[in-house]
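Source file: protein.cif (mmCIF, C-alpha atoms)
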data_start
loop_
_atom_site.label_atom_id
_atom_site.label_comp_id
_atom_site.auth_asym_id
_atom_site.auth_seq_id
_atom_site.Cartn_x
_atom_site.Cartn_y
_atom_site.Cartn_z
CA MET D 1 -7.71 11.05 -12.84
CA PRO D 2 -4.54 10.80 -14.93
CA VAL D 3 -4.68 8.02 -17.53
CA LEU D 4 -1.68 6.05 -16.20
CA SER D 5 -2.99 6.17 -12.62
CA HIS D 6 -6.37 4.85 -13.77
CA TYR D 7 -4.70 2.02 -15.71
CA ALA D 8 -2.49 1.17 -12.70
CA GLN D 9 -5.55 0.96 -10.42
CA LYS D 10 -7.14 -1.65 -12.69
CA LYS D 11 -3.93 -3.68 -12.71
CA LYS D 12 -3.57 -3.44 -8.90
CA ILE D 13 -7.11 -4.78 -8.51
CA SER D 14 -6.28 -7.88 -10.54
CA PHE D 15 -2.77 -8.42 -9.14
CA PHE D 16 -3.48 -7.73 -5.46
CA LEU D 17 -7.07 -7.18 -4.42
CA GLN D 18 -9.10 -9.88 -6.14
CA SER D 19 -7.11 -12.67 -4.49
CA ILE D 20 -7.74 -11.45 -0.92
CA PRO D 21 -10.13 -13.83 0.87
CA ARG D 22 -13.49 -12.11 1.48
CA ASP D 23 -13.36 -12.68 5.26
CA SER D 24 -9.94 -11.03 5.69
CA LYS D 25 -9.41 -8.17 8.11
CA ILE D 26 -7.82 -5.51 5.90
CA LEU D 27 -6.06 -2.25 6.77
CA GLU D 28 -5.03 0.19 4.05
CA VAL D 29 -2.24 2.57 5.05
CA GLY D 30 -2.29 5.85 3.15
CA CYS D 31 -5.73 5.22 1.69
CA GLY D 32 -5.89 8.67 0.06
CA SER D 33 -8.98 9.00 -2.13
CA GLY D 34 -10.20 5.60 -0.99
CA TRP D 35 -10.39 3.91 -4.38
CA ALA D 36 -9.06 0.53 -3.12
CA GLY D 37 -11.37 0.51 -0.11
CA ASN D 38 -14.33 1.48 -2.27
CA PHE D 39 -13.58 -1.40 -4.64
CA LEU D 40 -13.27 -3.87 -1.77
CA LYS D 41 -16.44 -2.74 0.04
CA GLN D 42 -18.50 -2.66 -3.17
CA ASN D 43 -17.39 -6.19 -4.04
CA GLY D 44 -18.09 -8.03 -0.81
CA TRP D 45 -15.16 -7.45 1.54
CA GLN D 46 -16.70 -6.41 4.86
CA HIS D 47 -13.69 -6.01 7.17
CA TYR D 48 -11.83 -3.11 5.56
CA ARG D 49 -10.46 -0.02 7.32
CA GLY D 50 -8.41 2.81 5.86
CA ILE D 51 -5.89 4.96 7.71
CA ASP D 52 -4.39 8.22 6.50
CA LEU D 53 -3.19 11.51 7.93
CA VAL D 54 -6.28 13.32 6.62
CA PRO D 55 -9.96 12.55 5.97
CA PRO D 56 -11.84 10.86 4.32
CA ALA D 57 -9.94 7.97 5.95
CA GLU D 58 -11.90 5.97 8.53
CA ILE D 59 -8.92 6.26 10.88
CA VAL D 60 -7.21 9.64 10.79
CA GLY D 61 -3.70 9.54 12.21
CA ASP D 62 -0.15 8.29 11.86
CA ILE D 63 0.33 4.52 11.48
CA HIS D 64 3.32 4.77 13.83
CA GLU D 65 0.85 5.70 16.61
CA TRP D 66 -1.41 2.69 15.92
CA GLN D 67 -1.85 1.87 19.61
CA LYS D 68 -3.18 5.37 20.37
CA LEU D 69 -5.56 4.98 17.42
CA GLY D 70 -7.17 1.88 18.94
CA LEU D 71 -5.60 -0.72 16.66
CA GLU D 72 -4.45 -4.06 18.08
CA ALA D 73 -1.22 -5.93 17.45
CA GLY D 74 -1.60 -9.01 15.27
CA SER D 75 -5.12 -8.12 14.22
CA PHE D 76 -4.92 -7.83 10.41
CA ASP D 77 -4.74 -10.50 7.73
CA VAL D 78 -3.79 -8.02 5.00
CA ILE D 79 -2.28 -4.54 5.00
CA ILE D 80 -2.29 -2.53 1.78
CA ALA D 81 0.24 0.25 1.20
CA PHE D 82 0.02 1.47 -2.38
CA GLU D 83 2.44 4.32 -3.15
CA VAL D 84 3.30 4.94 0.52
CA VAL D 85 6.71 3.46 1.38
CA GLU D 86 8.59 5.89 -0.87
CA HIS D 87 7.41 8.65 1.49
CA ILE D 88 7.88 7.04 4.91
CA ASP D 89 9.11 3.79 6.46
CA ILE D 90 6.04 1.86 7.64
CA TYR D 91 7.39 -1.69 7.76
CA SER D 92 7.74 -1.96 11.54
CA PRO D 93 4.19 -0.88 12.46
CA CYS D 94 2.77 -3.01 9.65
CA GLU D 95 4.69 -6.05 10.89
CA GLU D 96 3.35 -5.44 14.41
CA LEU D 97 -0.25 -5.14 13.15
CA LEU D 98 -0.18 -8.24 10.93
CA LYS D 99 -1.24 -11.68 12.13
CA LYS D 100 1.23 -14.51 11.63
CA GLY D 101 0.87 -15.49 7.99
CA GLY D 102 -0.55 -12.04 7.22
CA ARG D 103 0.41 -10.21 4.06
CA LEU D 104 1.64 -6.70 3.31
CA LEU D 105 0.87 -5.53 -0.24
CA ILE D 106 3.10 -2.73 -1.53
CA THR D 107 3.58 -0.68 -4.66
CA THR D 108 6.35 1.90 -4.96
CA PRO D 109 8.51 3.43 -7.71
CA LEU D 110 11.80 1.81 -8.60
CA PRO D 111 14.46 4.14 -7.18
CA HIS D 112 16.46 4.38 -10.41
CA ALA D 113 13.30 5.28 -12.40
CA ASP D 114 11.72 7.83 -10.07
CA TRP D 115 12.87 10.66 -12.32
CA VAL D 116 10.68 9.18 -15.08
CA MET D 117 7.71 9.02 -12.69
CA LYS D 118 8.25 12.70 -11.86
CA SER D 119 8.30 13.53 -15.58
CA LEU D 120 5.04 11.62 -16.11
CA GLU D 121 3.51 13.59 -13.22
CA SER D 122 4.63 16.88 -14.79
CA ALA D 123 3.03 15.82 -18.07
CA GLY D 124 -0.26 15.09 -16.29
CA LEU D 125 -0.13 11.38 -17.11
CA ASN D 126 0.38 10.13 -13.56
CA GLN D 127 -0.91 11.14 -10.14
CA LYS D 128 1.12 13.92 -8.54
CA ARG D 129 3.08 13.02 -5.43
CA THR D 130 1.76 14.29 -2.14
CA SER D 131 5.19 14.61 -0.50
CA PRO D 132 8.83 14.01 -1.47
CA HIS D 133 10.02 10.48 -2.27
CA SER D 134 12.62 10.54 0.50
CA ASN D 135 12.40 6.81 1.36
CA LEU D 136 12.96 5.15 -2.02
CA HIS D 137 14.39 1.63 -1.87
CA TYR D 138 14.27 -1.72 -3.64
CA LEU D 139 11.79 -4.13 -2.08
CA GLU D 140 14.37 -6.93 -2.05
CA THR D 141 16.35 -4.96 0.57
CA VAL D 142 13.55 -4.88 3.16
CA GLY D 143 14.22 -6.89 6.33
CA GLY D 144 11.80 -8.42 8.80
CA LEU D 145 8.98 -9.59 6.57
CA GLU D 146 9.52 -12.22 3.88
CA LEU D 147 9.17 -11.01 0.29
CA VAL D 148 7.12 -13.79 -1.34
CA LYS D 149 6.35 -12.10 -4.66
CA CYS D 150 7.91 -9.14 -6.43
CA ARG D 151 7.00 -7.79 -9.84
CA ARG D 152 8.59 -4.99 -11.83
CA VAL D 153 6.01 -3.02 -13.79
CA ALA D 154 6.90 -1.14 -16.98
CA GLY D 155 10.44 -0.61 -15.67
CA LEU D 156 9.05 2.12 -13.40
CA SER D 157 7.39 0.50 -10.42
CA GLN D 158 7.79 -2.48 -8.11
CA TRP D 159 4.90 -4.43 -6.64
CA GLY D 160 5.55 -6.69 -3.69
CA VAL D 161 3.79 -9.14 -1.43
CA PHE D 162 5.42 -9.64 1.97
CA GLU D 163 4.42 -12.23 4.54
CA LYS D 164 4.82 -12.25 8.30
CA ASN D 165 6.22 -15.65 9.31
CA VAL D 166 7.28 -14.99 12.90
#

Output the structure of this file as C-alpha coordinates.
Amino acid sequence: MPVLSHYAQKKKISFFLQSIPRDSKILEVGCGSGWAGNFLKQNGWQHYRGIDLVPPAEIVGDIHEWQKLGLEAGSFDVIIAFEVVEHIDIYSPCEELLKKGGRLLITTPLPHADWVMKSLESAGLNQKRTSPHSNLHYLETVGGLELVKCRRVAGLSQWGVFEKNV
(Lines of atoms letter the chains of each structure in order from A and count residues from 1; the text may use other names and numbers.)
(Lines give C-alpha, C1' and ligand atoms only; values in the text may rest on other atoms or scores of the structure.)
Protein backbone atom coordinates (compact mmCIF):
# COMPACT_ATOMS: atom_id res chain seq x y z
CA MET A 1 0.00 0.00 0.00
CA PRO A 2 1.34 3.46 -0.88
CA VAL A 3 2.71 5.34 2.13
CA LEU A 4 0.30 8.31 1.90
CA SER A 5 -2.74 6.02 1.57
CA HIS A 6 -1.65 4.08 4.66
CA TYR A 7 -1.18 7.31 6.63
CA ALA A 8 -4.60 8.60 5.46
CA GLN A 9 -6.30 5.38 6.61
CA LYS A 10 -4.95 5.86 10.14
CA LYS A 11 -6.17 9.46 10.18
CA LYS A 12 -9.63 8.46 8.86
CA ILE A 13 -9.94 5.91 11.65
CA SER A 14 -9.37 8.57 14.30
CA PHE A 15 -11.38 11.34 12.61
CA PHE A 16 -14.39 9.29 11.48
CA LEU A 17 -14.59 5.68 12.60
CA GLN A 18 -13.70 5.65 16.28
CA SER A 19 -16.55 8.01 17.16
CA ILE A 20 -19.27 5.83 15.57
CA PRO A 21 -21.44 4.26 18.30
CA ARG A 22 -20.85 0.48 18.43
CA ASP A 23 -24.54 -0.36 17.90
CA SER A 24 -24.84 1.71 14.69
CA LYS A 25 -26.07 0.17 11.46
CA ILE A 26 -23.30 1.09 9.01
CA LEU A 27 -23.15 0.91 5.21
CA GLU A 28 -19.91 1.60 3.37
CA VAL A 29 -20.37 2.64 -0.27
CA GLY A 30 -17.40 1.79 -2.47
CA CYS A 31 -15.77 -0.40 0.16
CA GLY A 32 -12.97 -1.50 -2.20
CA SER A 33 -10.37 -3.57 -0.35
CA GLY A 34 -12.50 -3.51 2.78
CA TRP A 35 -9.99 -1.88 5.13
CA ALA A 36 -12.60 0.29 6.93
CA GLY A 37 -15.02 -2.61 7.36
CA ASN A 38 -12.22 -4.85 8.60
CA PHE A 39 -11.25 -2.24 11.19
CA LEU A 40 -14.84 -1.83 12.35
CA LYS A 41 -15.59 -5.56 12.58
CA GLN A 42 -12.31 -6.34 14.36
CA ASN A 43 -12.99 -3.62 16.92
CA GLY A 44 -16.53 -4.43 17.99
CA TRP A 45 -18.91 -2.95 15.43
CA GLN A 46 -21.33 -5.73 14.52
CA HIS A 47 -23.75 -4.08 12.09
CA TYR A 48 -21.49 -3.23 9.15
CA ARG A 49 -22.16 -3.95 5.47
CA GLY A 50 -20.08 -2.95 2.46
CA ILE A 51 -21.36 -2.31 -1.05
CA ASP A 52 -19.26 -2.05 -4.20
CA LEU A 53 -19.53 -2.89 -7.88
CA VAL A 54 -17.19 -5.88 -7.47
CA PRO A 55 -16.32 -8.46 -4.81
CA PRO A 56 -15.16 -8.81 -2.05
CA ALA A 57 -18.01 -6.48 -1.03
CA GLU A 58 -20.81 -8.10 0.96
CA ILE A 59 -23.32 -6.44 -1.37
CA VAL A 60 -22.24 -6.40 -5.01
CA GLY A 61 -24.11 -3.83 -7.07
CA ASP A 62 -24.80 -0.17 -7.75
CA ILE A 63 -25.92 1.96 -4.79
CA HIS A 64 -28.44 3.65 -7.11
CA GLU A 65 -30.25 0.29 -7.31
CA TRP A 66 -30.40 -0.12 -3.51
CA GLN A 67 -34.02 -1.31 -3.53
CA LYS A 68 -33.20 -4.17 -5.94
CA LEU A 69 -30.29 -5.10 -3.66
CA GLY A 70 -32.59 -5.62 -0.68
CA LEU A 71 -31.71 -2.46 1.24
CA GLU A 72 -34.43 -0.51 3.06
CA ALA A 73 -35.04 3.23 3.12
CA GLY A 74 -34.13 4.91 6.39
CA SER A 75 -32.30 1.87 7.71
CA PHE A 76 -28.73 3.12 8.32
CA ASP A 77 -27.30 5.25 11.10
CA VAL A 78 -24.03 5.85 9.26
CA ILE A 79 -22.95 5.65 5.62
CA ILE A 80 -19.26 5.80 4.78
CA ALA A 81 -18.08 6.94 1.35
CA PHE A 82 -14.31 7.35 1.35
CA GLU A 83 -12.92 8.44 -2.04
CA VAL A 84 -16.18 7.74 -3.90
CA VAL A 85 -18.04 11.00 -4.63
CA GLU A 86 -15.36 12.26 -7.02
CA HIS A 87 -16.32 9.34 -9.29
CA ILE A 88 -20.12 9.36 -9.06
CA ASP A 89 -22.93 11.29 -7.39
CA ILE A 90 -24.27 9.15 -4.54
CA TYR A 91 -25.90 11.77 -2.33
CA SER A 92 -29.52 10.99 -3.23
CA PRO A 93 -29.41 7.23 -2.54
CA CYS A 94 -27.41 7.82 0.63
CA GLU A 95 -29.98 10.35 1.85
CA GLU A 96 -32.76 7.85 1.15
CA LEU A 97 -30.95 5.07 3.05
CA LEU A 98 -30.09 7.15 6.12
CA LYS A 99 -32.30 7.33 9.20
CA LYS A 100 -33.28 10.80 10.40
CA GLY A 101 -30.25 12.06 12.31
CA GLY A 102 -28.05 9.62 10.37
CA ARG A 103 -24.62 10.64 9.17
CA LEU A 104 -22.81 10.43 5.83
CA LEU A 105 -19.00 10.39 6.15
CA ILE A 106 -17.13 11.49 3.04
CA THR A 107 -13.57 12.02 1.89
CA THR A 108 -12.75 13.36 -1.57
CA PRO A 109 -10.00 15.40 -3.24
CA LEU A 110 -10.29 19.16 -3.36
CA PRO A 111 -11.13 19.97 -6.98
CA HIS A 112 -8.38 22.58 -7.39
CA ALA A 113 -5.75 20.14 -6.03
CA ASP A 114 -6.69 16.98 -7.91
CA TRP A 115 -3.76 17.45 -10.26
CA VAL A 116 -1.44 17.10 -7.24
CA MET A 117 -3.24 13.90 -6.20
CA LYS A 118 -2.71 12.52 -9.71
CA SER A 119 1.00 13.39 -9.49
CA LEU A 120 1.26 11.60 -6.12
CA GLU A 121 -0.41 8.56 -7.69
CA SER A 122 2.07 8.59 -10.58
CA ALA A 123 4.93 8.72 -8.08
CA GLY A 124 3.53 5.68 -6.25
CA LEU A 125 2.88 7.63 -3.05
CA ASN A 126 -0.91 7.48 -3.17
CA GLN A 127 -3.47 4.88 -4.20
CA LYS A 128 -4.21 4.92 -7.93
CA ARG A 129 -7.69 5.98 -8.96
CA THR A 130 -10.03 3.29 -10.16
CA SER A 131 -11.93 5.54 -12.57
CA PRO A 132 -11.83 9.19 -13.69
CA HIS A 133 -12.59 11.96 -11.18
CA SER A 134 -15.49 13.27 -13.24
CA ASN A 135 -17.64 14.40 -10.27
CA LEU A 136 -15.25 16.65 -8.34
CA HIS A 137 -16.91 19.31 -6.21
CA TYR A 138 -16.52 21.20 -2.94
CA LEU A 139 -18.47 19.63 -0.09
CA GLU A 140 -19.93 23.00 0.90
CA THR A 141 -21.90 23.02 -2.38
CA VAL A 142 -23.82 19.80 -1.67
CA GLY A 143 -27.56 20.23 -1.15
CA GLY A 144 -30.03 18.05 0.72
CA LEU A 145 -27.99 16.86 3.67
CA GLU A 146 -26.59 19.29 6.24
CA LEU A 147 -22.80 19.60 6.33
CA VAL A 148 -22.03 19.57 10.06
CA LYS A 149 -18.24 19.23 9.89
CA CYS A 150 -15.76 19.85 7.10
CA ARG A 151 -12.00 19.57 7.31
CA ARG A 152 -9.37 20.35 4.69
CA VAL A 153 -6.45 17.94 4.87
CA ALA A 154 -2.96 18.90 3.66
CA GLY A 155 -4.51 21.26 1.10
CA LEU A 156 -5.36 18.20 -1.01
CA SER A 157 -8.44 16.55 0.42
CA GLN A 158 -11.72 17.44 2.09
CA TRP A 159 -13.36 15.35 4.80
CA GLY A 160 -16.99 15.94 5.60
CA VAL A 161 -19.71 14.78 7.94
CA PHE A 162 -23.25 15.31 6.68
CA GLU A 163 -26.42 14.76 8.68
CA LYS A 164 -29.93 13.92 7.55
CA ASN A 165 -32.33 16.24 9.39
CA VAL A 166 -35.53 15.73 7.41

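Going from CA of Ala154 (chain D) over to CA of Asp52 (chain D), you cover 27.7 Å.
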
If you count only C-alpha atoms, which residues fall within 9 Å of Pro93 (chain D), apart from same-chain ones fewer than 5 positions away, as a list of chain:residue names? D:Ile63, D:His64, D:Glu65, D:Trp66, D:Ala73, D:Leu98

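Using all atoms listed in the file for every distance, the candidate list D:Tyr7, D:Tyr138, D:Phe15, D:Phe162 yields D:Phe162 as the residue closest to Asp77 (chain D).
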
Find the residue from D:Lys68, D:Cys31, D:Lys25, D:Val54 that sits nearest to Lys99 (chain D); use all atoms listed in the file when measuring. D:Lys25

Hey, which of D:Gly32, D:His112, D:Lys11, D:Ser5 ends up closest to Val60 (chain D)? Count all atoms listed in the file. D:Gly32

With distances taken over all atoms listed in the file, which of D:Cys150, D:Asn38, D:Leu53, D:Glu96 is nearest to Gln67 (chain D)? D:Glu96

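Here CA of Pro55 (chain D) and CA of Ala36 (chain D) stand 15.1 Å from one another.
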
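Minimum distance to Trp115 (chain D) across D:His133, D:Arg151, D:Lys100, D:Arg22 (counting all atoms listed in the file) occurs at D:His133.
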
Residues at most 10 Å from region 83-89 of chain D, counting only C-alpha atoms, excluding those fewer than 2 positions away in the same chain, as an MDAnalysis selection string? chainID D and resid 29:32 64 80:81 91:94 106:111 114 129:139 157:159

Got time to write the residues from that selection, C-alpha atoms, as a PDB file, in the coordinates of the input?
ATOM      1  CA  VAL D  29      -2.240   2.570   5.050  1.00  0.00           C
ATOM      2  CA  GLY D  30      -2.290   5.850   3.150  1.00  0.00           C
ATOM      3  CA  CYS D  31      -5.730   5.220   1.690  1.00  0.00           C
ATOM      4  CA  GLY D  32      -5.890   8.670   0.060  1.00  0.00           C
ATOM      5  CA  HIS D  64       3.320   4.770  13.830  1.00  0.00           C
ATOM      6  CA  ILE D  80      -2.290  -2.530   1.780  1.00  0.00           C
ATOM      7  CA  ALA D  81       0.240   0.250   1.200  1.00  0.00           C
ATOM      8  CA  TYR D  91       7.390  -1.690   7.760  1.00  0.00           C
ATOM      9  CA  SER D  92       7.740  -1.960  11.540  1.00  0.00           C
ATOM     10  CA  PRO D  93       4.190  -0.880  12.460  1.00  0.00           C
ATOM     11  CA  CYS D  94       2.770  -3.010   9.650  1.00  0.00           C
ATOM     12  CA  ILE D 106       3.100  -2.730  -1.530  1.00  0.00           C
ATOM     13  CA  THR D 107       3.580  -0.680  -4.660  1.00  0.00           C
ATOM     14  CA  THR D 108       6.350   1.900  -4.960  1.00  0.00           C
ATOM     15  CA  PRO D 109       8.510   3.430  -7.710  1.00  0.00           C
ATOM     16  CA  LEU D 110      11.800   1.810  -8.600  1.00  0.00           C
ATOM     17  CA  PRO D 111      14.460   4.140  -7.180  1.00  0.00           C
ATOM     18  CA  ASP D 114      11.720   7.830 -10.070  1.00  0.00           C
ATOM     19  CA  ARG D 129       3.080  13.020  -5.430  1.00  0.00           C
ATOM     20  CA  THR D 130       1.760  14.290  -2.140  1.00  0.00           C
ATOM     21  CA  SER D 131       5.190  14.610  -0.500  1.00  0.00           C
ATOM     22  CA  PRO D 132       8.830  14.010  -1.470  1.00  0.00           C
ATOM     23  CA  HIS D 133      10.020  10.480  -2.270  1.00  0.00           C
ATOM     24  CA  SER D 134      12.620  10.540   0.500  1.00  0.00           C
ATOM     25  CA  ASN D 135      12.400   6.810   1.360  1.00  0.00           C
ATOM     26  CA  LEU D 136      12.960   5.150  -2.020  1.00  0.00           C
ATOM     27  CA  HIS D 137      14.390   1.630  -1.870  1.00  0.00           C
ATOM     28  CA  TYR D 138      14.270  -1.720  -3.640  1.00  0.00           C
ATOM     29  CA  LEU D 139      11.790  -4.130  -2.080  1.00  0.00           C
ATOM     30  CA  SER D 157       7.390   0.500 -10.420  1.00  0.00           C
ATOM     31  CA  GLN D 158       7.790  -2.480  -8.110  1.00  0.00           C
ATOM     32  CA  TRP D 159       4.900  -4.430  -6.640  1.00  0.00           C
TER      33      TRP D 159
END

Neighbouring residues of Leu17 (chain D) were defined as those with any atom within 12 Å, considering only C-alpha atoms; residues of the same chain fewer than 6 positions away were excluded. Please report them as a VMD selection string. chain D and resid 9 to 11 24 26 28 35 to 41 43 to 45 48 78 to 82 103 to 106 161

Start from the incomplete input, build N, CA and C atoms for region 30-53 of chain D, and deliver everything as a short mmCIF file (atom, residue, chain, number, x, y, z; two decimals), keeping the file's coordinate frame.
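Contents of the output file result_1.cif:
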data_model
loop_
_atom_site.label_atom_id
_atom_site.label_comp_id
_atom_site.auth_asym_id
_atom_site.auth_seq_id
_atom_site.Cartn_x
_atom_site.Cartn_y
_atom_site.Cartn_z
N GLY D 30 -2.39 4.83 4.19
CA GLY D 30 -2.29 5.85 3.15
C GLY D 30 -3.38 5.68 2.11
N CYS D 31 -4.62 5.55 2.57
CA CYS D 31 -5.73 5.22 1.69
C CYS D 31 -6.13 6.35 0.75
N GLY D 32 -5.66 7.56 0.99
CA GLY D 32 -5.89 8.67 0.06
C GLY D 32 -7.35 8.85 -0.32
N SER D 33 -7.63 8.79 -1.61
CA SER D 33 -8.98 9.00 -2.13
C SER D 33 -9.93 7.86 -1.79
N GLY D 34 -9.37 6.73 -1.40
CA GLY D 34 -10.20 5.60 -0.99
C GLY D 34 -10.60 4.66 -2.10
N TRP D 35 -9.96 4.73 -3.26
CA TRP D 35 -10.39 3.91 -4.38
C TRP D 35 -10.29 2.42 -4.08
N ALA D 36 -9.21 1.96 -3.41
CA ALA D 36 -9.06 0.53 -3.12
C ALA D 36 -10.13 0.07 -2.13
N GLY D 37 -10.34 0.85 -1.08
CA GLY D 37 -11.37 0.51 -0.11
C GLY D 37 -12.76 0.50 -0.73
N ASN D 38 -13.04 1.46 -1.59
CA ASN D 38 -14.33 1.48 -2.27
C ASN D 38 -14.53 0.22 -3.11
N PHE D 39 -13.49 -0.18 -3.84
CA PHE D 39 -13.58 -1.40 -4.64
C PHE D 39 -13.87 -2.60 -3.73
N LEU D 40 -13.11 -2.72 -2.66
CA LEU D 40 -13.27 -3.87 -1.77
C LEU D 40 -14.68 -3.91 -1.16
N LYS D 41 -15.12 -2.78 -0.62
CA LYS D 41 -16.44 -2.74 0.04
C LYS D 41 -17.57 -3.01 -0.96
N GLN D 42 -17.45 -2.48 -2.15
CA GLN D 42 -18.50 -2.66 -3.17
C GLN D 42 -18.53 -4.08 -3.72
N ASN D 43 -17.47 -4.85 -3.48
CA ASN D 43 -17.39 -6.19 -4.04
C ASN D 43 -17.36 -7.29 -2.99
N GLY D 44 -17.85 -6.99 -1.79
CA GLY D 44 -18.09 -8.03 -0.81
C GLY D 44 -17.12 -8.18 0.34
N TRP D 45 -16.06 -7.39 0.39
CA TRP D 45 -15.16 -7.45 1.54
C TRP D 45 -15.78 -6.57 2.64
N GLN D 46 -15.98 -7.13 3.81
CA GLN D 46 -16.70 -6.41 4.86
C GLN D 46 -15.81 -5.92 6.00
N HIS D 47 -14.56 -6.35 6.03
CA HIS D 47 -13.69 -6.01 7.17
C HIS D 47 -12.52 -5.15 6.72
N TYR D 48 -12.83 -4.05 6.07
CA TYR D 48 -11.83 -3.11 5.56
C TYR D 48 -11.84 -1.85 6.41
N ARG D 49 -10.62 -1.32 6.68
CA ARG D 49 -10.46 -0.02 7.32
C ARG D 49 -9.31 0.71 6.64
N GLY D 50 -9.46 2.00 6.46
CA GLY D 50 -8.41 2.81 5.86
C GLY D 50 -7.86 3.80 6.86
N ILE D 51 -6.55 3.99 6.84
CA ILE D 51 -5.89 4.96 7.71
C ILE D 51 -5.08 5.92 6.85
N ASP D 52 -5.17 7.20 7.18
CA ASP D 52 -4.39 8.22 6.50
C ASP D 52 -4.25 9.41 7.45
N LEU D 53 -3.40 10.33 7.09
CA LEU D 53 -3.19 11.51 7.93
C LEU D 53 -4.34 12.50 7.87
#
